[in-house]
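This report refers to the structure that appears directly beneath it.
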Amino acid sequence: GAGVSQSPSNKVTEKGKDVELRCDPISGHTALYWYRQSLGQGLEFLIYFQGNSAPDKSGLPSDRFSAERTGGSVSTLTIQRTQQEDSAVYLCASRRDAGTPNEKLFFGSGTQLSVL
Amino acid sequence: AQKITQTQPGMFVQEKEAVTLDCTYDTSDQSYGLFWYKQPSSGEMIFLIYQGSYDEQNATEGRYSLNFQKARKSANLVISASQLGDSAMYFCATAVSRTSYGKLTFGQGTILTVHP
């Protein structure tokens, strides 16, 4: 597609369940980023991929959070044993590469996660 | 670590007038980028403008310009001739070259309301 695609757009889950959030970046973009947006914490970086490798996972809040990217394309963010504080909008973004300064970062519309 | 401060939680402006959104940053890195993003009520993050730390001239993109004052660590966004469609949340962000220019540290945002 033309833009960054995320699915599902909304996810409601029960505390303790696992969830998977999917991101389909713009074709040809080698760098992919996950962010989280919540009222209390604002916009936070979680992890980024260059190709299928994740050079920086420093923003993942706990070991319940993991992410992978396959084929240099689709990425999945997995949250295990969800907690209420995980409720947020999870945003995915991509750019042509990680290092060029003035490359635009294109965001998806996000997945609104609600943990009951 | 980088830090972005946006001191204006909300701003109001009359249609067709100019408005300045404040942003100050803190970083010990010499090579960094400054970004502004717009987030309308639809939730998508839209790239507006980029300024590199070594750029001597202020960046401009259409009605948007960035007033970059390096010594003061200030990167204010100026929107000229405001339009009703400019009503949105605006985020200032920074990234440093030693990591990835897509790994952004965001401010808390400023809600801009444009009155007819």
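If you're wondering about the labels, chains in the structure tokens are A, B, ... by order shown, residues count from 1 in each chain, ligands from 1 in order shown.
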| Distance filter 12 Å, only C-alpha atoms, chain A against chain B, as a PyMOL selection string | chain A and resi 3-6+9+29-50+54-59+89-112
What's the 8 Å shell around B:Asp86, counting only C-alpha atoms, without same-chain residues fewer than 6 positions away, as a VMD selection string? chain B and resid 112 to 114
What separates atom CA of A:Arg22 and atom CA of A:Asp86 is a distance of 16.2 Å
Quick one: residues within 9 Å of B:Leu21, only C-alpha atoms, excluding same-chain residues fewer than 4 positions away - as a compact mmCIF listing (two decimals) with N, CA, C and O atoms, in the first residue's frame?
```txt
# COMPACT_ATOMS: atom_id res chain seq x y z
N GLN B 6 7.97 21.62 25.75
CA GLN B 6 6.99 22.48 25.09
C GLN B 6 6.15 23.08 26.21
O GLN B 6 5.40 22.37 26.86
N THR B 7 6.29 24.36 26.44
CA THR B 7 5.71 24.98 27.62
C THR B 7 4.27 25.45 27.43
O THR B 7 3.63 25.87 28.39
N GLN B 8 3.77 25.38 26.21
CA GLN B 8 2.41 25.86 25.94
C GLN B 8 1.47 24.66 25.76
O GLN B 8 1.47 24.05 24.70
N MET B 11 -2.74 26.72 22.59
CA MET B 11 -2.60 28.03 21.98
C MET B 11 -3.82 28.30 21.11
O MET B 11 -4.39 27.38 20.51
N ALA B 75 13.86 25.81 19.24
CA ALA B 75 13.46 25.42 17.87
C ALA B 75 11.97 25.67 17.70
O ALA B 75 11.17 24.74 17.58
N ASN B 76 11.58 26.92 17.71
CA ASN B 76 10.17 27.27 17.66
C ASN B 76 9.60 27.11 16.26
O ASN B 76 10.25 27.43 15.26
N LEU B 77 8.36 26.66 16.18
CA LEU B 77 7.66 26.51 14.91
C LEU B 77 6.80 27.75 14.67
O LEU B 77 6.04 28.14 15.56
N VAL B 78 6.93 28.33 13.51
CA VAL B 78 6.11 29.47 13.13
C VAL B 78 5.19 29.03 12.01
O VAL B 78 5.65 28.52 10.98
N ILE B 79 3.89 29.20 12.22
CA ILE B 79 2.90 28.92 11.18
C ILE B 79 2.36 30.25 10.70
O ILE B 79 1.81 31.03 11.50
N TYR B 90 0.51 19.67 18.17
CA TYR B 90 1.82 19.81 17.51
C TYR B 90 2.91 19.33 18.46
O TYR B 90 2.98 19.73 19.62
N THR B 110 1.62 20.70 22.00
CA THR B 110 0.82 21.92 22.16
C THR B 110 -0.42 21.77 21.31
O THR B 110 -0.34 21.44 20.12
N LEU B 112 -3.17 23.39 19.28
CA LEU B 112 -3.44 24.66 18.59
C LEU B 112 -4.88 24.68 18.13
O LEU B 112 -5.36 23.73 17.49
```
field: Å distance separating atom CA of A:Gln83 from atom CA of A:Lys15, one decimal place
entry: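 A separation of 5.3 Å between them.
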Residue list (strand (DSSP E), DSSP) for stretch 26-104 of chain B, as a ChimeraX atom specification = /B:26,32-39,46-52,60-61,64-69,74-79,88-96
Which value, in Å to one decimal, gives the distance between atom CA of A:Ser73 and atom CA of A:Glu14?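 So the two atoms, atom CA of A:Ser73 and atom CA of A:Glu14, lie 29.3 Å apart.
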Item to check | For B:Lys70: contacts at 10 Å, only C-alpha atoms, fewer than 3 positions along chain excluded, given as a PyMOL selection string | outcome: chain B and resi 24-25+53-56+67+73-75
May I have the residues from that selection written out with N, CA and C atoms, as a PDB file, in the first residue's frame?
```
ATOM      1  N   THR B  24      11.950  24.042  23.397  1.00  0.00           N
ATOM      2  CA  THR B  24      13.359  24.055  23.780  1.00  0.00           C
ATOM      3  C   THR B  24      13.816  22.615  23.954  1.00  0.00           C
ATOM      4  N   TYR B  25      15.099  22.413  23.748  1.00  0.00           N
ATOM      5  CA  TYR B  25      15.624  21.052  23.783  1.00  0.00           C
ATOM      6  C   TYR B  25      16.899  21.018  24.611  1.00  0.00           C
ATOM      7  N   SER B  53      21.279  20.244  13.126  1.00  0.00           N
ATOM      8  CA  SER B  53      22.032  21.072  14.075  1.00  0.00           C
ATOM      9  C   SER B  53      23.134  21.882  13.403  1.00  0.00           C
ATOM     10  N   TYR B  54      23.573  21.438  12.241  1.00  0.00           N
ATOM     11  CA  TYR B  54      24.621  22.172  11.543  1.00  0.00           C
ATOM     12  C   TYR B  54      24.089  23.094  10.449  1.00  0.00           C
ATOM     13  N   ASP B  55      22.773  23.088  10.285  1.00  0.00           N
ATOM     14  CA  ASP B  55      22.194  23.969   9.258  1.00  0.00           C
ATOM     15  C   ASP B  55      22.270  25.412   9.736  1.00  0.00           C
ATOM     16  N   GLU B  56      22.785  26.270   8.882  1.00  0.00           N
ATOM     17  CA  GLU B  56      22.947  27.666   9.289  1.00  0.00           C
ATOM     18  C   GLU B  56      21.685  28.482   9.040  1.00  0.00           C
ATOM     19  N   ASN B  67      12.221  28.513  13.680  1.00  0.00           N
ATOM     20  CA  ASN B  67      13.105  29.550  14.207  1.00  0.00           C
ATOM     21  C   ASN B  67      14.133  28.870  15.110  1.00  0.00           C
ATOM     22  N   LYS B  73      19.216  26.794  22.458  1.00  0.00           N
ATOM     23  CA  LYS B  73      18.601  25.463  22.339  1.00  0.00           C
ATOM     24  C   LYS B  73      17.094  25.614  22.167  1.00  0.00           C
ATOM     25  N   SER B  74      16.758  26.412  21.181  1.00  0.00           N
ATOM     26  CA  SER B  74      15.355  26.704  20.924  1.00  0.00           C
ATOM     27  C   SER B  74      15.042  26.380  19.467  1.00  0.00           C
ATOM     28  N   ALA B  75      13.856  25.814  19.237  1.00  0.00           N
ATOM     29  CA  ALA B  75      13.459  25.419  17.872  1.00  0.00           C
ATOM     30  C   ALA B  75      11.968  25.669  17.702  1.00  0.00           C
TER      31      ALA B  75
END
```
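Of the listed residues A:Gly51, A:Gly16, A:Pro8, A:Gly28, the one whose atoms come nearest to A:Arg69 is A:Gly51, with distances taken using only C-alpha atoms.
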